[in-house]
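J.: There's a structure below that I have some questions on.
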Amino acid sequence: MALTPLPRIVFEPLVRAALLEDLGRAGDLTTDAIVPPDATATMVLAARQPGVIAGLAVAALAFELIDPRTEVTIINADGSGVSAGDIIASVRGPARALLTAERMALNLLCHLSGIATQTAAIVDTVRGHKAKIVCTRKTTPGLRALEKYAVRAGGGGNHRFGLDDALLIKDNHIAIAGGIRTAIERARAAAGHMVKIEVEVDTLEQLDMALATGVDAVLLDNMSIEQLTRAVAMVGGRAITEASGRVTVQTAPAIAATGVDLISVGWITHSAPILDIGMDMAGG
């Protein structure tokens with residue numbers, strides 16, 4: 001499936017705010033002092049380690065907002081796998097703009113490409129199974145739309161974007177409500193006809209109660225492989241099954257083999273290391 005571009009209206013305010021933070025009150029003192037205003041340059045963005053690219057439109061906008069005369073030519077688009085040394089894009093235009101926007105463009109590009117790279121790594125481990133790797137709401141405040149886009153660039157899928165997407169009944173909701181049945185009944189009474197209900201269960205007994213009450217999806221939290229296998233059989237296609245809790249690249253294949261529909265992974269957004277990408281003079 002083709003990767004749908006993220007609309008500019010979504011990320012432009014984020015890029016503007018990041019540039020304003022960097023420019024402060026007086027702008028780029030170093031570049032403005034050293035580089036003549038009429039100087040032009042062509043530079044390349046190059047991968048310094050293998051990975052998957054995400055965030056090129058965001059990086060390009062950083063250069064454009066500093067000076068609209070800059071031109072970015074993409075060589076390896078978002079979702080592309082690259083090797084160390086591969087050129088991702090070239091940037092041409094006023095030299096001051098290139099140097100002033102460089103760090104902010106790279107900060108976002110490296111961060112998002114790191115998420116895409118880590119997502120692709122775990123997606124690859126479950127290939128051949130129906131299970132889809134999805135992210136969570138464990139994202140950097142203000143960057144959720146970008147980070148979830150990076151997950152898609154890495155071949156994963158998205159869970160909720162926010163609290164208003166669906167009803168996800170967690171353990172604390174159940175505890176305060178006094179039980180799964182009460183929590184689900186209250187959720188169903190409040191939900192609109194287009195809103196789905198998912199409930200988190202820790203045991204097969206809780207799963208049985210959730211299925212008896214009726215839900216659209218069940219979150220099978222921190223269950224063993226044996227429990228997950230039994231849970232999938234119990235559900236029997238009556239609801240979407242989602243496994244979560246301490247999922248790693250090493251454990252994902254066995255989890256996928258149980259037949260679950262989704263595997264949610266928080267660390268692909270909250271703990272992914274950056275992908276090292278640098279900007280250098282073309283031909284340098």
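Going through the structure tokens in order, the chains are called A, B, and so on, while each chain numbers its residues from 1 and the ligands are numbered from 1 in the order shown.
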Identify, with DSSP run on backbone atoms, the residues in stretch 69-219 of chain A assigned to strand (DSSP E), and express the list as JSON, numbers by chain.
T.: {"A": [71, 72, 73, 74, 81, 82, 87, 88, 89, 90, 91, 92, 93, 94, 132, 133, 134, 167, 168, 169, 197, 198, 199, 200, 201, 217, 218, 219]}
J.: Set the distance at 6 Å and use only C-alpha atoms: which residues neighbour A:Gly114 once local chain neighbours fewer than 6 positions away are removed? I'd like the list as a PyMOL selection string.
T.: chain A and resi 272-275
J.: How would the residues just chosen look if you wrote them out with N, CA and C atoms as a PDB file, in the first residue's frame?
T.:
```pdb
ATOM      1  N   ALA A 272      12.660   4.906  20.336  1.00  0.00           N
ATOM      2  CA  ALA A 272      13.455   4.606  19.140  1.00  0.00           C
ATOM      3  C   ALA A 272      14.648   5.549  19.054  1.00  0.00           C
ATOM      4  N   PRO A 273      15.853   5.020  18.833  1.00  0.00           N
ATOM      5  CA  PRO A 273      17.017   5.895  18.626  1.00  0.00           C
ATOM      6  C   PRO A 273      16.912   6.568  17.262  1.00  0.00           C
ATOM      7  N   ILE A 274      17.587   7.696  17.122  1.00  0.00           N
ATOM      8  CA  ILE A 274      17.553   8.379  15.829  1.00  0.00           C
ATOM      9  C   ILE A 274      18.278   7.566  14.768  1.00  0.00           C
ATOM     10  N   LEU A 275      17.962   7.835  13.509  1.00  0.00           N
ATOM     11  CA  LEU A 275      18.765   7.339  12.396  1.00  0.00           C
ATOM     12  C   LEU A 275      19.756   8.447  12.055  1.00  0.00           C
TER      13      LEU A 275
END
```
J.: Using only C-alpha atoms, which residues of stretch 3-26 of chain A come within 9 Å of stretch 52-62 of chain A, and what is the closest atom pair for each, with the distance in Å to one decimal? Give it as a tab-separated table, sorted by chain and residue number.
T.:
```
residue	atom	partner	partner_atom	distance
A:Pro5	CA	A:Ala57	CA	8.5
A:Leu6	CA	A:Ala57	CA	8.3
A:Arg8	CA	A:Ala57	CA	8.1
A:Phe11	CA	A:Val58	CA	7.0
A:Glu12	CA	A:Leu61	CA	7.5
A:Val15	CA	A:Ala62	CA	6.3
A:Arg16	CA	A:Ala62	CA	7.6
A:Ala18	CA	A:Ala62	CA	8.9
A:Leu19	CA	A:Ala62	CA	7.3
```
J.: I need the chosen residues saved as a compact mmCIF listing (two decimals), in the first residue's frame, with all heavy atoms.
T.:
```
# COMPACT_ATOMS: atom_id res chain seq x y z
N PRO A 5 0.98 10.85 1.95
CA PRO A 5 1.74 11.98 2.52
C PRO A 5 0.97 12.64 3.65
O PRO A 5 -0.27 12.68 3.65
CB PRO A 5 1.92 12.93 1.34
CG PRO A 5 1.69 12.08 0.11
CD PRO A 5 0.70 11.04 0.52
N LEU A 6 1.70 13.17 4.61
CA LEU A 6 1.08 13.91 5.70
C LEU A 6 0.77 15.33 5.21
O LEU A 6 1.65 15.99 4.66
CB LEU A 6 2.03 13.96 6.89
CG LEU A 6 1.46 14.27 8.27
CD1 LEU A 6 0.44 13.21 8.67
CD2 LEU A 6 2.56 14.35 9.29
N ARG A 8 0.53 19.16 4.73
CA ARG A 8 1.40 20.23 5.24
C ARG A 8 0.78 20.99 6.40
O ARG A 8 1.46 21.40 7.34
CB ARG A 8 1.75 21.19 4.10
CG ARG A 8 2.52 22.43 4.53
CD ARG A 8 3.04 23.20 3.36
NE ARG A 8 3.53 24.52 3.76
CZ ARG A 8 4.43 25.21 3.10
NH1 ARG A 8 4.94 24.71 1.98
NH2 ARG A 8 4.81 26.40 3.51
N PHE A 11 1.81 19.61 9.86
CA PHE A 11 3.13 19.75 10.46
C PHE A 11 3.75 21.14 10.35
O PHE A 11 4.75 21.43 11.02
CB PHE A 11 4.10 18.71 9.89
CG PHE A 11 4.31 18.75 8.41
CD1 PHE A 11 5.20 19.64 7.84
CD2 PHE A 11 3.65 17.86 7.57
CE1 PHE A 11 5.43 19.67 6.47
CE2 PHE A 11 3.86 17.87 6.20
CZ PHE A 11 4.75 18.79 5.65
N GLU A 12 3.17 22.03 9.54
CA GLU A 12 3.78 23.36 9.41
C GLU A 12 3.86 24.11 10.73
O GLU A 12 4.91 24.71 11.04
CB GLU A 12 3.03 24.20 8.37
CG GLU A 12 3.68 25.56 8.18
CD GLU A 12 3.14 26.33 6.98
OE1 GLU A 12 2.54 25.71 6.08
OE2 GLU A 12 3.35 27.55 6.94
N VAL A 15 6.89 22.81 12.66
CA VAL A 15 8.18 23.22 12.10
C VAL A 15 8.43 24.70 12.40
O VAL A 15 9.56 25.09 12.75
CB VAL A 15 8.23 22.94 10.59
CG1 VAL A 15 9.55 23.39 10.00
CG2 VAL A 15 8.02 21.45 10.32
N ARG A 16 7.41 25.51 12.26
CA ARG A 16 7.56 26.94 12.57
C ARG A 16 7.98 27.15 14.03
O ARG A 16 8.88 27.95 14.33
CB ARG A 16 6.26 27.69 12.29
CG ARG A 16 5.96 27.90 10.82
CD ARG A 16 4.71 28.76 10.63
NE ARG A 16 4.43 28.98 9.22
CZ ARG A 16 4.96 29.94 8.50
NH1 ARG A 16 5.82 30.79 9.05
NH2 ARG A 16 4.65 30.08 7.22
N ALA A 18 9.50 25.04 16.00
CA ALA A 18 10.85 24.54 16.21
C ALA A 18 11.89 25.54 15.70
O ALA A 18 12.93 25.76 16.34
CB ALA A 18 11.02 23.20 15.52
N LEU A 19 11.63 26.14 14.54
CA LEU A 19 12.56 27.14 14.00
C LEU A 19 12.61 28.38 14.88
O LEU A 19 13.69 28.95 15.12
CB LEU A 19 12.16 27.51 12.57
CG LEU A 19 12.42 26.44 11.50
CD1 LEU A 19 11.76 26.84 10.19
CD2 LEU A 19 13.91 26.22 11.30
```
J.: Which residues come within 9 Å of A:Leu219, counting only C-alpha atoms, excluding same-chain residues fewer than 4 positions away, as a list in words?
T.: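 The neighbour list is Leu168, Lys170, Glu198, Val199, Glu200, Val201, Asp202, Ile240, Thr241, Glu242, Ala243 and Ser244 of chain A.
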J.: Limited to all heavy atoms, could you put the picked residues into a file as a PDB file, in the first residue's frame?
T.:
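The file below, result-v7.pdb, is the result:
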```
ATOM      1  N   LEU A 168     -11.481   2.905  24.887  1.00  0.00           N
ATOM      2  CA  LEU A 168     -10.558   1.854  25.281  1.00  0.00           C
ATOM      3  C   LEU A 168     -10.611   1.745  26.804  1.00  0.00           C
ATOM      4  O   LEU A 168     -10.084   2.592  27.527  1.00  0.00           O
ATOM      5  CB  LEU A 168      -9.141   2.158  24.808  1.00  0.00           C
ATOM      6  CG  LEU A 168      -8.031   1.191  25.235  1.00  0.00           C
ATOM      7  CD1 LEU A 168      -8.425  -0.262  24.976  1.00  0.00           C
ATOM      8  CD2 LEU A 168      -6.730   1.521  24.523  1.00  0.00           C
ATOM      9  N   LYS A 170      -9.517   0.532  30.124  1.00  0.00           N
ATOM     10  CA  LYS A 170      -8.282  -0.003  30.705  1.00  0.00           C
ATOM     11  C   LYS A 170      -8.556  -0.515  32.124  1.00  0.00           C
ATOM     12  O   LYS A 170      -9.650  -0.383  32.675  1.00  0.00           O
ATOM     13  CB  LYS A 170      -7.211   1.079  30.718  1.00  0.00           C
ATOM     14  CG  LYS A 170      -6.922   1.686  29.347  1.00  0.00           C
ATOM     15  CD  LYS A 170      -5.971   0.851  28.554  1.00  0.00           C
ATOM     16  CE  LYS A 170      -4.552   1.060  29.019  1.00  0.00           C
ATOM     17  NZ  LYS A 170      -3.577   0.306  28.202  1.00  0.00           N
ATOM     18  N   GLU A 198     -13.179  -1.104  22.935  1.00  0.00           N
ATOM     19  CA  GLU A 198     -12.160  -2.116  23.206  1.00  0.00           C
ATOM     20  C   GLU A 198     -11.964  -2.192  24.714  1.00  0.00           C
ATOM     21  O   GLU A 198     -12.024  -1.171  25.408  1.00  0.00           O
ATOM     22  CB  GLU A 198     -10.843  -1.761  22.522  1.00  0.00           C
ATOM     23  CG  GLU A 198      -9.741  -2.800  22.768  1.00  0.00           C
ATOM     24  CD  GLU A 198      -8.463  -2.532  21.979  1.00  0.00           C
ATOM     25  OE1 GLU A 198      -8.299  -1.398  21.472  1.00  0.00           O
ATOM     26  OE2 GLU A 198      -7.626  -3.448  21.876  1.00  0.00           O
ATOM     27  N   VAL A 199     -11.723  -3.386  25.216  1.00  0.00           N
ATOM     28  CA  VAL A 199     -11.503  -3.550  26.655  1.00  0.00           C
ATOM     29  C   VAL A 199     -10.215  -4.320  26.906  1.00  0.00           C
ATOM     30  O   VAL A 199      -9.888  -5.273  26.187  1.00  0.00           O
ATOM     31  CB  VAL A 199     -12.702  -4.261  27.329  1.00  0.00           C
ATOM     32  CG1 VAL A 199     -12.890  -5.665  26.786  1.00  0.00           C
ATOM     33  CG2 VAL A 199     -12.553  -4.285  28.845  1.00  0.00           C
ATOM     34  N   GLU A 200      -9.472  -3.861  27.889  1.00  0.00           N
ATOM     35  CA  GLU A 200      -8.235  -4.527  28.280  1.00  0.00           C
ATOM     36  C   GLU A 200      -8.534  -5.650  29.276  1.00  0.00           C
ATOM     37  O   GLU A 200      -9.280  -5.446  30.239  1.00  0.00           O
ATOM     38  CB  GLU A 200      -7.279  -3.518  28.928  1.00  0.00           C
ATOM     39  CG  GLU A 200      -5.995  -4.119  29.448  1.00  0.00           C
ATOM     40  CD  GLU A 200      -5.128  -3.104  30.163  1.00  0.00           C
ATOM     41  OE1 GLU A 200      -5.676  -2.152  30.776  1.00  0.00           O
ATOM     42  OE2 GLU A 200      -3.904  -3.250  30.122  1.00  0.00           O
ATOM     43  N   VAL A 201      -7.957  -6.831  29.021  1.00  0.00           N
ATOM     44  CA  VAL A 201      -8.129  -7.954  29.935  1.00  0.00           C
ATOM     45  C   VAL A 201      -6.765  -8.546  30.267  1.00  0.00           C
ATOM     46  O   VAL A 201      -5.874  -8.586  29.416  1.00  0.00           O
ATOM     47  CB  VAL A 201      -9.058  -9.038  29.346  1.00  0.00           C
ATOM     48  CG1 VAL A 201     -10.454  -8.486  29.124  1.00  0.00           C
ATOM     49  CG2 VAL A 201      -8.496  -9.597  28.051  1.00  0.00           C
ATOM     50  N   ASP A 202      -6.636  -8.997  31.507  1.00  0.00           N
ATOM     51  CA  ASP A 202      -5.374  -9.582  31.966  1.00  0.00           C
ATOM     52  C   ASP A 202      -5.461 -11.090  32.116  1.00  0.00           C
ATOM     53  O   ASP A 202      -4.439 -11.774  32.187  1.00  0.00           O
ATOM     54  CB  ASP A 202      -4.966  -8.977  33.322  1.00  0.00           C
ATOM     55  CG  ASP A 202      -4.820  -7.476  33.264  1.00  0.00           C
ATOM     56  OD1 ASP A 202      -4.191  -6.983  32.314  1.00  0.00           O
ATOM     57  OD2 ASP A 202      -5.329  -6.787  34.169  1.00  0.00           O
ATOM     58  N   ILE A 240     -11.792  -8.160  17.487  1.00  0.00           N
ATOM     59  CA  ILE A 240     -10.394  -7.979  17.116  1.00  0.00           C
ATOM     60  C   ILE A 240      -9.530  -8.280  18.332  1.00  0.00           C
ATOM     61  O   ILE A 240      -9.842  -7.860  19.456  1.00  0.00           O
ATOM     62  CB  ILE A 240     -10.148  -6.536  16.641  1.00  0.00           C
ATOM     63  CG1 ILE A 240     -10.907  -6.273  15.352  1.00  0.00           C
ATOM     64  CG2 ILE A 240      -8.657  -6.265  16.444  1.00  0.00           C
ATOM     65  CD1 ILE A 240     -10.923  -4.818  14.934  1.00  0.00           C
ATOM     66  N   THR A 241      -8.462  -9.030  18.140  1.00  0.00           N
ATOM     67  CA  THR A 241      -7.566  -9.369  19.241  1.00  0.00           C
ATOM     68  C   THR A 241      -6.270  -8.567  19.123  1.00  0.00           C
ATOM     69  O   THR A 241      -5.640  -8.533  18.073  1.00  0.00           O
ATOM     70  CB  THR A 241      -7.234 -10.866  19.252  1.00  0.00           C
ATOM     71  OG1 THR A 241      -6.750 -11.258  17.967  1.00  0.00           O
ATOM     72  CG2 THR A 241      -8.472 -11.678  19.592  1.00  0.00           C
ATOM     73  N   GLU A 242      -5.885  -7.932  20.228  1.00  0.00           N
ATOM     74  CA  GLU A 242      -4.675  -7.116  20.269  1.00  0.00           C
ATOM     75  C   GLU A 242      -3.803  -7.569  21.433  1.00  0.00           C
ATOM     76  O   GLU A 242      -4.259  -7.600  22.586  1.00  0.00           O
ATOM     77  CB  GLU A 242      -5.038  -5.636  20.437  1.00  0.00           C
ATOM     78  CG  GLU A 242      -3.836  -4.732  20.653  1.00  0.00           C
ATOM     79  CD  GLU A 242      -4.234  -3.319  21.060  1.00  0.00           C
ATOM     80  OE1 GLU A 242      -5.432  -2.971  20.937  1.00  0.00           O
ATOM     81  OE2 GLU A 242      -3.349  -2.570  21.506  1.00  0.00           O
ATOM     82  N   ALA A 243      -2.566  -7.923  21.147  1.00  0.00           N
ATOM     83  CA  ALA A 243      -1.619  -8.299  22.195  1.00  0.00           C
ATOM     84  C   ALA A 243      -0.754  -7.094  22.534  1.00  0.00           C
ATOM     85  O   ALA A 243      -0.336  -6.345  21.648  1.00  0.00           O
ATOM     86  CB  ALA A 243      -0.739  -9.456  21.728  1.00  0.00           C
ATOM     87  N   SER A 244      -0.469  -6.914  23.815  1.00  0.00           N
ATOM     88  CA  SER A 244       0.389  -5.806  24.226  1.00  0.00           C
ATOM     89  C   SER A 244       1.129  -6.195  25.497  1.00  0.00           C
ATOM     90  O   SER A 244       0.769  -7.151  26.179  1.00  0.00           O
ATOM     91  CB  SER A 244      -0.434  -4.539  24.473  1.00  0.00           C
ATOM     92  OG  SER A 244      -1.184  -4.655  25.673  1.00  0.00           O
TER      93      SER A 244
END
```
J.: So which bits of stretch 1-241 of chain A end up helix (DSSP H, G or I) when you DSSP the backbone, as a count of residues only?
T.: 113
J.: With distances taken over only C-alpha atoms, which of A:Val249, A:Ala97, A:Leu204, A:Leu262 is nearest to A:Asp38?
T.: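 Going through A:Val249, A:Ala97, A:Leu204, A:Leu262 one by one, the smallest distance to A:Asp38 is for A:Ala97.
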J.: Mind giving me the straight-line distance from atom CA of A:Pro37 to atom CA of A:Pro94 in Å, one decimal?
T.: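 Separation between atom CA of A:Pro37 and atom CA of A:Pro94: 7.7 Å.
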J.: Just checking: using only C-alpha atoms, which residue out of A:Ala217, A:Ala166, A:Ala231, A:Ala2 ends up closest to A:Glu205?
T.: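 Smallest separation from A:Glu205 among the options: A:Ala231.
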J.: Just the residues within 12 Å of A:Met279, please, counting only C-alpha atoms, with nothing from its chain fewer than 2 positions along; format it as a PyMOL selection string.
T.: chain A and resi 41-48+59+85-92+98-99+101-107+109-110+276-277+281-284
J.: Env of stretch 151-155 of chain A: 10 Å cut, atoms = only C-alpha atoms, seq-sep filter 5 positions within chain, self excluded. Answer as a PyMOL selection string.
T.: chain A and resi 1-5+51-55+77-81+112-124+132-135+146+268-269
J.: Env of A:Arg230: 12 Å cut, atoms = only C-alpha atoms, seq-sep filter 4 positions within chain, self excluded. Answer as a list of chain:residue names.
T.: A:Thr203, A:Leu204, A:Glu205, A:Leu207, A:Asp208, A:Leu220, A:Met223, A:Ser224, A:Ile225, A:Glu226, A:Met234, A:Val235, A:Gly236, A:Thr241, A:Thr258, A:Gly259, A:Val260
J.: Export all heavy atoms of the chosen residues as a compact mmCIF listing (two decimals), in the first residue's frame?
T.:
```
# COMPACT_ATOMS: atom_id res chain seq x y z
N THR A 203 -6.68 -11.61 32.19
CA THR A 203 -6.87 -13.04 32.41
C THR A 203 -7.92 -13.58 31.44
O THR A 203 -8.71 -12.83 30.86
CB THR A 203 -7.36 -13.32 33.84
OG1 THR A 203 -8.68 -12.77 34.00
CG2 THR A 203 -6.43 -12.71 34.88
N LEU A 204 -7.95 -14.89 31.30
CA LEU A 204 -8.95 -15.52 30.44
C LEU A 204 -10.35 -15.39 31.03
O LEU A 204 -11.34 -15.36 30.30
CB LEU A 204 -8.59 -16.99 30.21
CG LEU A 204 -7.25 -17.23 29.49
CD1 LEU A 204 -6.98 -18.72 29.36
CD2 LEU A 204 -7.25 -16.56 28.12
N GLU A 205 -10.43 -15.33 32.36
CA GLU A 205 -11.72 -15.14 33.02
C GLU A 205 -12.31 -13.77 32.66
O GLU A 205 -13.50 -13.65 32.36
CB GLU A 205 -11.57 -15.26 34.53
CG GLU A 205 -11.29 -16.67 35.03
CD GLU A 205 -9.84 -17.12 34.74
OE1 GLU A 205 -8.96 -16.24 34.54
OE2 GLU A 205 -9.61 -18.35 34.68
N LEU A 207 -11.56 -12.11 29.99
CA LEU A 207 -11.89 -12.18 28.57
C LEU A 207 -13.26 -12.80 28.37
O LEU A 207 -14.06 -12.32 27.55
CB LEU A 207 -10.82 -13.00 27.83
CG LEU A 207 -11.09 -13.30 26.35
CD1 LEU A 207 -11.22 -12.00 25.54
CD2 LEU A 207 -10.00 -14.18 25.77
N ASP A 208 -13.56 -13.85 29.10
CA ASP A 208 -14.85 -14.52 28.99
C ASP A 208 -15.98 -13.56 29.33
O ASP A 208 -17.01 -13.51 28.63
CB ASP A 208 -14.88 -15.73 29.91
CG ASP A 208 -16.08 -16.63 29.65
OD1 ASP A 208 -16.35 -16.92 28.47
OD2 ASP A 208 -16.75 -17.01 30.62
N LEU A 220 -5.28 -7.90 24.95
CA LEU A 220 -4.78 -9.01 25.76
C LEU A 220 -3.44 -8.58 26.35
O LEU A 220 -2.41 -8.64 25.70
CB LEU A 220 -4.64 -10.26 24.89
CG LEU A 220 -5.89 -10.61 24.06
CD1 LEU A 220 -5.59 -11.70 23.05
CD2 LEU A 220 -7.05 -11.02 24.98
N MET A 223 -0.06 -11.20 28.51
CA MET A 223 -0.38 -12.62 28.59
C MET A 223 0.77 -13.46 28.06
O MET A 223 1.54 -13.02 27.20
CB MET A 223 -1.65 -12.93 27.79
CG MET A 223 -2.93 -12.44 28.42
SD MET A 223 -4.40 -13.08 27.54
CE MET A 223 -5.72 -12.46 28.59
N SER A 224 0.87 -14.67 28.57
CA SER A 224 1.88 -15.60 28.07
C SER A 224 1.47 -16.10 26.69
O SER A 224 0.33 -15.90 26.26
CB SER A 224 2.00 -16.80 29.02
OG SER A 224 0.80 -17.57 28.99
N ILE A 225 2.39 -16.75 26.00
CA ILE A 225 2.08 -17.29 24.68
C ILE A 225 0.95 -18.31 24.77
O ILE A 225 0.04 -18.33 23.93
CB ILE A 225 3.33 -17.94 24.05
CG1 ILE A 225 4.43 -16.88 23.82
CG2 ILE A 225 2.98 -18.64 22.75
CD1 ILE A 225 4.01 -15.76 22.90
N GLU A 226 0.97 -19.12 25.81
CA GLU A 226 -0.10 -20.11 26.00
C GLU A 226 -1.44 -19.42 26.21
O GLU A 226 -2.46 -19.82 25.62
CB GLU A 226 0.21 -21.01 27.19
CG GLU A 226 -0.85 -22.07 27.45
CD GLU A 226 -0.58 -22.89 28.70
OE1 GLU A 226 0.49 -22.71 29.32
OE2 GLU A 226 -1.44 -23.72 29.04
N MET A 234 -10.70 -18.61 22.12
CA MET A 234 -11.93 -18.22 22.80
C MET A 234 -12.69 -17.15 22.03
O MET A 234 -13.92 -17.20 21.92
CB MET A 234 -11.62 -17.71 24.21
CG MET A 234 -11.25 -18.77 25.22
SD MET A 234 -10.75 -18.05 26.81
CE MET A 234 -12.26 -17.22 27.30
N VAL A 235 -11.96 -16.19 21.51
CA VAL A 235 -12.60 -15.09 20.78
C VAL A 235 -13.24 -15.62 19.50
O VAL A 235 -14.36 -15.22 19.15
CB VAL A 235 -11.57 -13.99 20.45
CG1 VAL A 235 -12.18 -12.93 19.53
CG2 VAL A 235 -11.06 -13.33 21.74
N GLY A 236 -12.55 -16.50 18.81
CA GLY A 236 -13.13 -17.13 17.63
C GLY A 236 -13.62 -16.17 16.57
O GLY A 236 -14.62 -16.44 15.91
N THR A 241 -8.46 -9.03 18.14
CA THR A 241 -7.57 -9.37 19.24
C THR A 241 -6.27 -8.57 19.12
O THR A 241 -5.64 -8.53 18.07
CB THR A 241 -7.23 -10.87 19.25
OG1 THR A 241 -6.75 -11.26 17.97
CG2 THR A 241 -8.47 -11.68 19.59
N THR A 258 0.47 -16.80 17.52
CA THR A 258 -0.74 -17.19 18.25
C THR A 258 -2.00 -16.88 17.48
O THR A 258 -3.08 -17.36 17.83
CB THR A 258 -0.81 -16.49 19.62
OG1 THR A 258 -0.98 -15.07 19.42
CG2 THR A 258 0.44 -16.76 20.45
N GLY A 259 -1.89 -16.02 16.45
CA GLY A 259 -3.05 -15.69 15.64
C GLY A 259 -3.71 -14.37 15.98
O GLY A 259 -4.79 -14.07 15.45
N VAL A 260 -3.08 -13.56 16.84
CA VAL A 260 -3.67 -12.27 17.18
C VAL A 260 -3.71 -11.37 15.94
O VAL A 260 -2.91 -11.52 15.01
CB VAL A 260 -2.90 -11.56 18.31
CG1 VAL A 260 -3.03 -12.33 19.62
CG2 VAL A 260 -1.43 -11.36 17.94
```
J.: Would you mind telling me which residue in A:Thr251, A:Thr31, A:Thr100, A:Thr229 lies nearest to A:Val265 when using only C-alpha atoms?
T.: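 Of A:Thr251, A:Thr31, A:Thr100, A:Thr229, the one nearest A:Val265, counting only C-alpha atoms, is A:Thr251.
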J.: Quick one, how far is atom CA of A:Ile74 from atom CA of A:Pro50?
T.: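 Separation between atom CA of A:Ile74 and atom CA of A:Pro50: 17.4 Å.
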